>>> print(open('entry_14.txt').read())   # compact mmCIF, C-alpha atoms and all ligand atoms
# COMPACT_ATOMS: atom_id res chain seq x y z
CA GLN L 26 -39.61 78.92 -38.48
CA VAL L 27 -43.16 79.82 -39.49
CA TYR L 28 -46.45 78.09 -38.65
CA ASN L 29 -49.75 78.93 -40.34
CA ALA L 30 -48.14 81.33 -42.79
CA GLY L 31 -51.53 82.71 -43.88
CA GLY L 32 -52.63 83.73 -40.37
CA HIS L 33 -53.68 87.38 -40.09
CA LEU L 34 -52.21 88.06 -36.63
CA ARG L 35 -48.42 87.89 -36.40
CA VAL L 36 -47.06 86.44 -33.17
CA VAL L 37 -43.34 86.04 -32.51
CA SER L 38 -41.70 83.66 -30.07
CA THR L 39 -38.17 84.78 -29.29
CA LYS L 40 -37.12 81.16 -28.64
CA PRO L 41 -38.15 77.69 -29.77
CA MET L 42 -40.37 76.28 -26.97
CA PRO L 43 -41.13 72.64 -26.17
CA GLY L 44 -44.22 70.76 -27.39
CA ASN L 45 -46.66 71.87 -30.04
CA GLN L 46 -49.75 72.67 -28.00
CA TRP L 47 -48.58 76.23 -27.67
CA ILE L 48 -48.40 76.58 -31.45
CA GLN L 49 -51.94 75.21 -31.77
CA ALA L 50 -53.19 77.65 -29.11
CA LEU L 51 -52.13 80.46 -31.45
CA THR L 52 -52.75 79.06 -34.92
CA SER L 53 -56.26 77.95 -33.89
CA VAL L 54 -57.20 81.60 -33.38
CA GLY L 55 -55.78 82.76 -36.69
CA CYS L 56 -52.22 83.63 -35.75
CA ARG L 57 -49.19 83.26 -37.96
CA VAL L 58 -46.49 82.08 -35.55
CA GLU L 59 -42.85 82.94 -36.14
CA VAL L 60 -40.25 81.27 -33.97
CA CYS L 61 -36.77 82.73 -33.74
CA VAL L 62 -34.30 79.89 -34.17
CA GLU L 63 -31.25 82.13 -33.81
CA ASN L 64 -28.45 80.11 -32.23
CA LYS L 65 -27.80 82.62 -29.45
CA THR L 66 -28.84 81.91 -25.87
CA ILE L 67 -29.57 85.49 -24.93
CA LEU L 68 -31.08 87.91 -27.44
CA SER L 69 -30.20 91.59 -27.18
CA VAL L 70 -32.74 94.42 -27.39
CA ASP L 71 -31.57 95.02 -30.98
CA ASP L 72 -32.10 91.37 -31.88
CA ILE L 73 -35.64 91.56 -30.53
CA LEU L 74 -36.36 94.86 -32.27
CA SER L 75 -35.61 93.21 -35.58
CA LEU L 76 -37.88 90.28 -34.67
CA ILE L 77 -40.74 92.66 -33.88
CA GLY L 78 -40.26 94.40 -37.23
CA THR L 79 -42.99 96.67 -38.59
CA LYS L 80 -46.04 94.49 -37.91
CA CYS L 81 -46.35 92.35 -34.83
CA ASP L 82 -49.48 91.61 -32.77
CA GLY L 83 -47.95 89.75 -29.88
CA VAL L 84 -44.71 88.32 -28.52
CA ILE L 85 -43.76 85.44 -26.25
CA GLY L 86 -40.45 86.23 -24.62
CA GLN L 87 -38.03 84.77 -22.10
CA LEU L 88 -36.71 85.77 -18.68
CA THR L 89 -33.25 86.39 -20.16
CA GLU L 90 -34.56 89.35 -22.19
CA ASP L 91 -34.85 92.94 -21.11
CA TRP L 92 -38.47 93.90 -21.76
CA GLY L 93 -38.49 97.63 -21.08
CA ASP L 94 -39.67 100.84 -22.66
CA VAL L 95 -37.74 100.41 -25.93
CA LEU L 96 -39.25 97.04 -26.77
CA PHE L 97 -42.78 97.86 -25.65
CA ALA L 98 -42.71 101.12 -27.66
CA ALA L 99 -41.59 99.14 -30.73
CA LEU L 100 -44.27 96.50 -30.16
CA LYS L 101 -46.91 99.20 -29.84
CA LYS L 102 -45.67 100.87 -33.04
CA ALA L 103 -45.88 97.52 -34.83
CA GLY L 104 -49.56 97.27 -33.82
CA GLY L 105 -49.02 94.86 -30.89
CA HIS L 106 -51.22 94.40 -27.84
CA ALA L 107 -49.84 91.41 -25.97
CA TYR L 108 -46.64 90.16 -24.40
CA SER L 109 -46.19 87.04 -22.28
CA ASN L 110 -43.12 85.89 -20.42
CA MET L 111 -42.64 82.14 -20.52
CA ALA L 112 -41.88 82.24 -16.77
CA VAL L 113 -43.68 82.94 -13.55
CA GLY L 114 -41.07 85.53 -12.56
CA TYR L 115 -41.29 88.77 -14.45
CA ASN L 116 -38.53 90.93 -12.96
CA ASN L 117 -37.19 91.26 -16.54
CA VAL L 118 -40.41 93.03 -17.58
CA ASP L 119 -41.20 96.67 -16.96
CA VAL L 120 -44.96 96.30 -16.49
CA GLU L 121 -45.39 100.06 -16.08
CA ALA L 122 -43.80 100.68 -19.46
CA ALA L 123 -45.98 97.99 -21.04
CA THR L 124 -49.08 99.58 -19.52
CA ARG L 125 -48.06 103.01 -20.82
CA HIS L 126 -47.89 101.54 -24.32
CA GLY L 127 -51.15 99.64 -23.96
CA ILE L 128 -49.54 96.21 -24.01
CA ALA L 129 -51.04 93.49 -21.77
CA VAL L 130 -48.46 91.40 -19.91
CA GLY L 131 -48.89 87.76 -18.94
CA ASN L 132 -46.78 85.21 -17.09
CA THR L 133 -47.06 81.49 -16.31
CA PRO L 134 -47.92 80.88 -12.65
CA GLY L 135 -49.13 77.53 -11.32
CA VAL L 136 -47.78 75.08 -13.89
CA LEU L 137 -44.25 75.21 -12.53
CA THR L 138 -45.00 75.17 -8.81
CA GLU L 139 -44.33 71.51 -8.07
CA THR L 140 -41.37 71.16 -10.45
CA THR L 141 -39.63 74.18 -8.97
CA ALA L 142 -40.29 73.04 -5.40
CA GLU L 143 -38.95 69.58 -6.29
CA LEU L 144 -35.68 71.08 -7.53
CA ALA L 145 -35.39 73.15 -4.34
CA ALA L 146 -35.89 69.89 -2.42
CA ALA L 147 -33.25 68.19 -4.57
CA LEU L 148 -30.79 71.01 -3.86
CA THR L 149 -31.59 70.78 -0.15
CA LEU L 150 -30.82 67.06 -0.06
CA SER L 151 -27.75 67.41 -2.27
CA ALA L 152 -26.30 70.14 -0.07
CA ALA L 153 -27.29 68.61 3.27
CA ARG L 154 -26.02 65.14 2.38
CA ARG L 155 -23.05 66.32 0.28
CA VAL L 156 -24.19 64.32 -2.74
CA VAL L 157 -22.22 66.25 -5.37
CA GLU L 158 -19.00 66.29 -3.35
CA ALA L 159 -19.32 62.54 -2.82
CA ASP L 160 -20.06 61.96 -6.51
CA ASP L 161 -16.93 63.93 -7.50
CA PHE L 162 -14.89 61.94 -5.00
CA MET L 163 -16.16 58.63 -6.34
CA ARG L 164 -15.54 59.56 -9.99
CA ALA L 165 -12.04 60.75 -9.13
CA GLY L 166 -11.26 57.20 -7.94
CA LYS L 167 -10.65 58.38 -4.37
CA TYR L 168 -12.92 55.89 -2.60
CA GLU L 169 -10.80 53.40 -0.69
CA GLY L 170 -13.47 51.89 1.52
CA TRP L 171 -16.20 52.77 4.03
CA LEU L 172 -15.22 55.06 6.85
CA PRO L 173 -17.26 56.32 9.83
CA THR L 174 -16.24 59.88 8.99
CA LEU L 175 -16.69 59.89 5.21
CA PHE L 176 -18.97 62.68 3.90
CA VAL L 177 -20.89 63.18 7.10
CA GLY L 178 -23.71 65.66 6.47
CA ASN L 179 -26.95 66.85 8.09
CA LEU L 180 -30.04 64.78 8.90
CA LEU L 181 -33.18 66.70 7.96
CA LYS L 182 -35.67 64.81 10.12
CA GLY L 183 -36.70 66.82 13.16
CA GLN L 184 -34.76 69.91 12.05
CA THR L 185 -36.41 73.21 11.24
CA VAL L 186 -36.93 74.35 7.68
CA GLY L 187 -37.18 78.10 7.17
CA ILE L 188 -39.05 79.51 4.21
CA ILE L 189 -38.73 83.09 3.04
CA GLY L 190 -41.53 83.77 0.56
CA ALA L 191 -44.46 81.50 1.35
CA GLY L 192 -46.46 81.71 -1.88
CA ARG L 193 -47.25 78.80 -4.17
CA ILE L 194 -43.70 77.49 -4.59
CA GLY L 195 -42.59 78.15 -1.01
CA THR L 196 -45.65 76.30 0.29
CA ALA L 197 -45.19 73.33 -2.07
CA TYR L 198 -41.55 73.09 -0.92
CA ALA L 199 -42.60 73.28 2.73
CA ARG L 200 -45.12 70.50 2.13
CA MET L 201 -42.37 68.29 0.67
CA MET L 202 -40.05 68.95 3.61
CA VAL L 203 -42.75 68.53 6.27
CA GLU L 204 -44.48 65.45 4.87
CA GLY L 205 -41.36 63.85 3.45
CA PHE L 206 -38.77 64.59 6.11
CA LYS L 207 -40.81 65.44 9.21
CA MET L 208 -39.28 68.88 9.50
CA ASN L 209 -40.66 71.71 11.63
CA VAL L 210 -41.33 75.03 9.92
CA ILE L 211 -40.67 78.70 10.46
CA TYR L 212 -41.61 81.08 7.67
CA TYR L 213 -41.74 84.69 6.68
CA ASP L 214 -43.83 86.16 3.91
CA LEU L 215 -43.77 89.82 3.04
CA TYR L 216 -47.28 89.70 1.62
CA GLN L 217 -48.72 87.84 4.61
CA SER L 218 -49.74 84.87 2.47
CA THR L 219 -51.79 82.35 4.45
CA ARG L 220 -51.18 79.42 2.08
CA LEU L 221 -48.45 77.77 4.14
CA GLU L 222 -50.34 78.28 7.37
CA LYS L 223 -53.39 76.55 5.90
CA PHE L 224 -51.27 73.60 4.84
CA VAL L 225 -49.50 73.08 8.18
CA THR L 226 -52.72 73.49 10.13
CA ALA L 227 -54.55 70.92 8.00
CA TYR L 228 -51.58 68.55 8.08
CA GLY L 229 -51.36 68.92 11.87
CA GLU L 230 -55.02 67.86 12.14
CA PHE L 231 -54.30 64.85 9.95
CA LEU L 232 -51.30 63.84 12.09
CA LYS L 233 -53.55 64.04 15.17
CA THR L 234 -55.99 61.56 13.63
CA GLN L 235 -53.04 59.23 13.07
CA GLY L 236 -51.81 59.66 16.65
CA GLU L 237 -48.53 61.07 15.35
CA ALA L 238 -46.38 63.84 16.82
CA PRO L 239 -47.39 67.34 15.65
CA VAL L 240 -45.39 69.56 13.31
CA HIS L 241 -44.13 72.64 15.11
CA TRP L 242 -44.53 75.73 13.02
CA ARG L 243 -44.60 79.46 13.36
CA ARG L 244 -44.90 82.53 11.24
CA ALA L 245 -41.92 84.82 11.87
CA SER L 246 -42.26 88.55 12.04
CA SER L 247 -38.95 89.16 10.25
CA PRO L 248 -36.58 87.34 7.89
CA GLU L 249 -33.94 87.59 10.64
CA ASP L 250 -35.98 85.28 12.90
CA VAL L 251 -36.07 82.67 10.14
CA LEU L 252 -32.34 82.94 9.51
CA ARG L 253 -31.48 82.61 13.20
CA GLU L 254 -33.73 79.65 13.93
CA ALA L 255 -33.77 77.46 10.84
CA ASP L 256 -31.38 74.64 9.99
CA VAL L 257 -32.37 74.74 6.31
CA ILE L 258 -33.48 77.96 4.63
CA SER L 259 -35.10 78.07 1.22
CA LEU L 260 -35.71 81.36 -0.57
CA HIS L 261 -38.88 81.80 -2.63
CA PRO L 262 -39.65 85.54 -2.79
CA VAL L 263 -40.23 87.52 -5.94
CA LEU L 264 -37.29 89.71 -6.90
CA ASP L 265 -38.01 93.40 -6.51
CA LYS L 266 -36.46 96.40 -4.76
CA THR L 267 -37.39 95.02 -1.34
CA THR L 268 -35.79 91.61 -1.86
CA TYR L 269 -32.63 92.65 -3.74
CA HIS L 270 -29.70 91.36 -1.62
CA LEU L 271 -32.14 90.21 1.04
CA ILE L 272 -29.38 87.78 2.03
CA ASN L 273 -26.35 89.97 2.64
CA LYS L 274 -23.21 89.78 4.78
CA ASP L 275 -25.01 90.74 8.00
CA ARG L 276 -27.87 88.33 7.49
CA LEU L 277 -25.53 85.47 6.54
CA ALA L 278 -23.80 86.07 9.87
CA LEU L 279 -27.09 85.38 11.69
CA MET L 280 -27.39 81.89 10.26
CA LYS L 281 -26.27 78.73 12.01
CA LYS L 282 -22.72 77.65 11.14
CA GLU L 283 -23.99 74.34 9.73
CA ALA L 284 -27.10 75.68 8.02
CA VAL L 285 -28.11 74.85 4.45
CA LEU L 286 -29.25 77.72 2.24
CA VAL L 287 -31.17 77.06 -0.99
CA ASN L 288 -32.10 79.53 -3.70
CA ALA L 289 -34.33 78.65 -6.64
CA SER L 290 -35.95 82.09 -6.88
CA ARG L 291 -33.77 84.80 -8.44
CA GLY L 292 -30.01 85.26 -8.09
CA PRO L 293 -29.94 88.89 -6.92
CA VAL L 294 -31.90 87.94 -3.79
CA ILE L 295 -28.45 86.91 -2.47
CA ASP L 296 -25.36 89.12 -2.40
CA GLU L 297 -23.22 86.50 -4.09
CA VAL L 298 -19.86 88.10 -3.24
CA ALA L 299 -20.80 88.05 0.45
CA LEU L 300 -21.98 84.46 0.06
CA VAL L 301 -18.64 83.33 -1.40
CA GLU L 302 -16.81 84.90 1.55
CA HIS L 303 -19.22 83.27 4.00
CA LEU L 304 -18.81 79.85 2.39
CA LYS L 305 -15.03 80.15 2.52
CA ALA L 306 -15.06 81.12 6.19
CA ASN L 307 -17.65 78.48 7.17
CA PRO L 308 -16.90 75.16 5.49
CA MET L 309 -19.82 73.42 7.22
CA PHE L 310 -22.30 75.95 5.86
CA ARG L 311 -23.70 74.70 2.55
CA VAL L 312 -25.68 76.14 -0.31
CA GLY L 313 -27.72 74.80 -3.19
CA LEU L 314 -28.13 77.38 -5.95
CA ASP L 315 -30.23 77.24 -9.09
CA VAL L 316 -29.91 80.97 -9.81
CA PHE L 317 -27.07 83.50 -9.83
CA GLU L 318 -26.67 87.22 -9.57
CA ASP L 319 -25.22 87.72 -13.06
CA GLU L 320 -26.45 84.75 -15.03
CA PRO L 321 -24.96 82.95 -16.84
CA TYR L 322 -21.90 83.77 -14.70
CA MET L 323 -21.02 82.83 -11.14
CA LYS L 324 -19.07 85.18 -8.92
CA PRO L 325 -15.36 84.28 -8.79
CA GLY L 326 -14.58 81.43 -6.47
CA LEU L 327 -18.10 80.04 -6.12
CA GLY L 328 -17.53 77.21 -8.58
CA ASP L 329 -14.44 76.00 -6.66
CA LEU L 330 -16.13 75.62 -3.30
CA PRO L 331 -17.03 72.08 -2.20
CA ASN L 332 -19.80 73.40 0.06
CA ALA L 333 -21.77 74.82 -2.89
CA VAL L 334 -24.04 72.82 -5.20
CA VAL L 335 -24.71 74.82 -8.35
CA VAL L 336 -27.08 74.08 -11.25
CA PRO L 337 -27.96 76.26 -14.27
CA HIS L 338 -31.46 77.68 -13.55
CA ILE L 339 -33.27 74.40 -14.19
CA ALA L 340 -35.91 74.49 -11.44
CA SER L 341 -38.84 74.38 -13.87
CA ALA L 342 -37.11 72.03 -16.30
CA SER L 343 -39.42 69.03 -16.47
CA LYS L 344 -40.98 68.14 -19.82
CA TRP L 345 -44.55 68.48 -18.55
CA THR L 346 -43.85 71.82 -16.92
CA ARG L 347 -41.96 73.43 -19.77
CA GLU L 348 -44.68 72.40 -22.23
CA GLY L 349 -47.27 73.77 -19.80
CA MET L 350 -45.41 77.07 -19.47
CA ALA L 351 -45.18 77.43 -23.25
CA THR L 352 -48.89 76.65 -23.64
CA LEU L 353 -49.91 79.10 -20.95
CA ALA L 354 -47.72 81.84 -22.43
CA ALA L 355 -49.32 81.24 -25.85
CA GLN L 356 -52.82 81.20 -24.35
CA ASN L 357 -52.08 84.55 -22.69
CA VAL L 358 -51.22 86.11 -26.03
CA ALA L 359 -54.10 84.39 -27.85
CA ALA L 360 -56.57 85.51 -25.18
CA LYS L 361 -55.52 89.13 -25.41
CA LEU L 362 -55.60 89.14 -29.20
CA LYS L 363 -59.14 87.73 -29.04
CA GLY L 364 -60.19 90.32 -26.47
CA TYR L 365 -60.08 88.22 -23.27
CA PRO L 366 -58.04 88.97 -20.16
CA VAL L 367 -54.66 87.28 -19.77
CA TRP L 368 -53.34 85.48 -16.69
CA PRO L 369 -52.88 87.00 -13.24
CA ASN L 370 -50.25 89.70 -12.73
CA SER L 371 -51.30 91.10 -16.05
CA ASN L 372 -51.95 94.78 -16.33
CA ASN L 373 -55.01 94.56 -18.55
C1 LIG L 401 -39.61 81.26 -13.71
O1 LIG L 401 -40.57 80.78 -14.32
O2 LIG L 401 -39.65 82.39 -13.24
C2 LIG L 401 -38.39 80.41 -13.54
O3 LIG L 401 -37.31 81.05 -13.04
C3 LIG L 401 -38.04 79.68 -14.82
O4 LIG L 401 -38.84 78.62 -14.84
>>> encode(input="entry_14.txt", output="structure tokens")
Amino acid sequence: QVYNAGGHLRVVSTKPMPGNQWIQALTSVGCRVEVCVENKTILSVDDILSLIGTKCDGVIGQLTEDWGDVLFAALKKAGGHAYSNMAVGYNNVDVEAATRHGIAVGNTPGVLTETTAELAAALTLSAARRVVEADDFMRAGKYEGWLPTLFVGNLLKGQTVGIIGAGRIGTAYARMMVEGFKMNVIYYDLYQSTRLEKFVTAYGEFLKTQGEAPVHWRRASSPEDVLREADVISLHPVLDKTTYHLINKDRLALMKKEAVLVNASRGPVIDEVALVEHLKANPMFRVGLDVFEDEPYMKPGLGDLPNAVVVPHIASASKWTREGMATLAAQNVAAKLKGYPVWPNSNN
């Protein structure tokens, strides 16, 4: 699909994206926009090479694509200068390779913060209160009447929520859990972000003015402290060498037997094979997962476990957010092609 066929700068989007603001962001600065409508969920490097072709100024790509040396070299050869992921995470992008080839890289931080945190909250509630299990039970016609013991789960109020990765999304999630469910907080952030601390301090002051009980919170000096102490743990780190399999067999063993673990960051942050074993051995331990180690697949057994809630990487999937991500990705490319810097985390 082509927009503004006469535009002098050729920009390719490897997928159709929602809304039309993103198209305007590009066509208004003289771009011809080509959208790949190929009916394949994940494009291979070869597919993308043929999209880049012999002349291409910029590309908007997706987190399912492997943006490494081969693609950036081809983009450079085709006269390109700009690449943007339509995602905040960019573990699929080799920024060093892009830099070597003189390609600026952008991503889409900010617009998806609240939506992603909301989905992490939804997974927390679903896992803690066994919503999906109960829904399955109901639909299977198994409900024969109220029972004191039917689908007993965990009450969040007054429990401790543990956050690993306290950046934008981790802090928004903490805010939802603290304000909404009166949870206490323990958190660990590798980059020593002070965002979450600022929120809990300010909220504590507010509670004081209302004469309400304070929120107890502390910054942990290791992920282990969070895992040992928290009743609910939500993972929000970036995926890199330091966070690959951050949650492994040994760390799972530190967690409370009835804890809830939520992951809406990246799948490889958890060793999924170890997780399946842990879930089997600890039926009261529950997880809510939006992401998986080998997407689109789940490790064998995970999908059969009643103590796992699994959804297909939809944390940022609200209409407003997805349109915002597409627009920001397009603005990144447009900015670079017009000689302006692109969004944070860029290498230009
Ligand atoms: C991201 O943006 O990194 C999410 O995983 C998809 O919204």
>>> residues_near_ligand(input="entry_14.txt", ligand="ligand LIG 401 (chain L)", cutoff="6 Å", atoms="only C-alpha atoms and all ligand atoms", output="list in words")
Ala112, Val113, Gly114 and Ser341 of chain L
>>> atom_distance(input="entry_14.txt", atom1="CA of Asp256 in chain L", atom2="CA of Asn179 in chain L")
9.2 Å
>>> closest_residue(input="entry_14.txt", among="L:Gly78, L:Gly178, L:Gly190, L:Lys324", to="Val157 in chain L", atoms="all atoms listed in the file")
L:Gly178
>>> atom_distance(input="entry_14.txt", atom1="CA of Leu279 in chain L", atom2="CA of Pro248 in chain L")
10.4 Å
>>> residues_around(input="entry_14.txt", residues="Val301 in chain L", least_positions_apart="6", cutoff="10 Å", atoms="only C-alpha atoms", output="list of chain:residue names")
L:Asn307, L:Lys324, L:Pro325, L:Gly326, L:Leu327, L:Gly328, L:Asp329, L:Leu330, L:Ala333
>>> decode(input="entry_14.txt", residues="range 240-270 of chain L", atoms="N, CA and C atoms", output="short mmCIF file (atom, residue, chain, number, x, y, z; two decimals), in the first residue's frame")
data_model
loop_
_atom_site.label_atom_id
_atom_site.label_comp_id
_atom_site.auth_asym_id
_atom_site.auth_seq_id
_atom_site.Cartn_x
_atom_site.Cartn_y
_atom_site.Cartn_z
N VAL L 240 2.14 4.41 53.60
CA VAL L 240 2.56 3.26 52.79
C VAL L 240 3.96 2.90 53.25
N HIS L 241 4.23 1.66 53.50
CA HIS L 241 5.59 1.26 53.84
C HIS L 241 6.31 0.93 52.55
N TRP L 242 7.48 1.47 52.39
CA TRP L 242 8.22 1.19 51.16
C TRP L 242 9.70 1.16 51.44
N ARG L 243 10.40 0.42 50.62
CA ARG L 243 11.86 0.47 50.71
C ARG L 243 12.48 0.07 49.40
N ARG L 244 13.66 0.67 49.18
CA ARG L 244 14.44 0.31 48.00
C ARG L 244 15.34 -0.86 48.41
N ALA L 245 15.30 -1.94 47.66
CA ALA L 245 16.11 -3.11 48.02
C ALA L 245 17.48 -2.99 47.38
N SER L 246 18.46 -3.64 48.00
CA SER L 246 19.79 -3.55 47.41
C SER L 246 20.07 -4.73 46.47
N SER L 247 19.11 -5.65 46.36
CA SER L 247 19.30 -6.75 45.40
C SER L 247 17.93 -7.27 44.97
N PRO L 248 17.85 -7.91 43.80
CA PRO L 248 16.58 -8.50 43.39
C PRO L 248 16.13 -9.59 44.38
N GLU L 249 17.12 -10.27 44.98
CA GLU L 249 16.79 -11.36 45.92
C GLU L 249 15.93 -10.84 47.07
N ASP L 250 16.26 -9.65 47.58
CA ASP L 250 15.47 -9.08 48.70
C ASP L 250 14.02 -8.91 48.29
N VAL L 251 13.82 -8.44 47.04
CA VAL L 251 12.45 -8.23 46.55
C VAL L 251 11.73 -9.58 46.49
N LEU L 252 12.41 -10.57 45.94
CA LEU L 252 11.78 -11.88 45.74
C LEU L 252 11.42 -12.53 47.07
N ARG L 253 12.28 -12.36 48.06
CA ARG L 253 12.01 -12.96 49.38
C ARG L 253 10.83 -12.29 50.09
N GLU L 254 10.77 -10.96 49.97
CA GLU L 254 9.81 -10.22 50.80
C GLU L 254 8.44 -10.00 50.20
N ALA L 255 8.37 -9.92 48.86
CA ALA L 255 7.11 -9.48 48.25
C ALA L 255 6.09 -10.61 48.12
N ASP L 256 4.82 -10.22 48.14
CA ASP L 256 3.73 -11.17 47.92
C ASP L 256 3.35 -11.20 46.44
N VAL L 257 3.56 -10.04 45.79
CA VAL L 257 3.31 -9.92 44.35
C VAL L 257 4.58 -9.32 43.75
N ILE L 258 5.09 -9.92 42.69
CA ILE L 258 6.30 -9.35 42.07
C ILE L 258 6.01 -9.07 40.61
N SER L 259 6.28 -7.85 40.18
CA SER L 259 6.07 -7.51 38.78
C SER L 259 7.41 -7.10 38.17
N LEU L 260 7.68 -7.65 36.99
CA LEU L 260 8.99 -7.44 36.36
C LEU L 260 8.89 -6.37 35.27
N HIS L 261 9.73 -5.34 35.38
CA HIS L 261 9.70 -4.26 34.38
C HIS L 261 11.10 -3.82 33.95
N PRO L 262 12.08 -4.71 33.91
CA PRO L 262 13.40 -4.26 33.46
C PRO L 262 13.51 -4.28 31.94
N VAL L 263 14.53 -3.63 31.41
CA VAL L 263 14.80 -3.84 29.99
C VAL L 263 15.48 -5.20 29.85
N LEU L 264 15.37 -5.81 28.69
CA LEU L 264 16.07 -7.07 28.47
C LEU L 264 17.45 -6.78 27.90
N ASP L 265 18.46 -7.20 28.64
CA ASP L 265 19.83 -7.15 28.11
C ASP L 265 20.60 -8.30 28.75
N LYS L 266 21.92 -8.28 28.60
CA LYS L 266 22.71 -9.42 29.12
C LYS L 266 22.53 -9.57 30.63
N THR L 267 22.34 -8.44 31.32
CA THR L 267 22.27 -8.51 32.79
C THR L 267 20.91 -9.00 33.29
N THR L 268 19.89 -8.92 32.46
CA THR L 268 18.56 -9.33 32.93
C THR L 268 18.05 -10.63 32.27
N TYR L 269 18.86 -11.20 31.37
CA TYR L 269 18.49 -12.47 30.76
C TYR L 269 18.40 -13.54 31.86
N HIS L 270 17.29 -14.24 31.95
CA HIS L 270 17.06 -15.25 32.99
C HIS L 270 17.30 -14.70 34.40
#
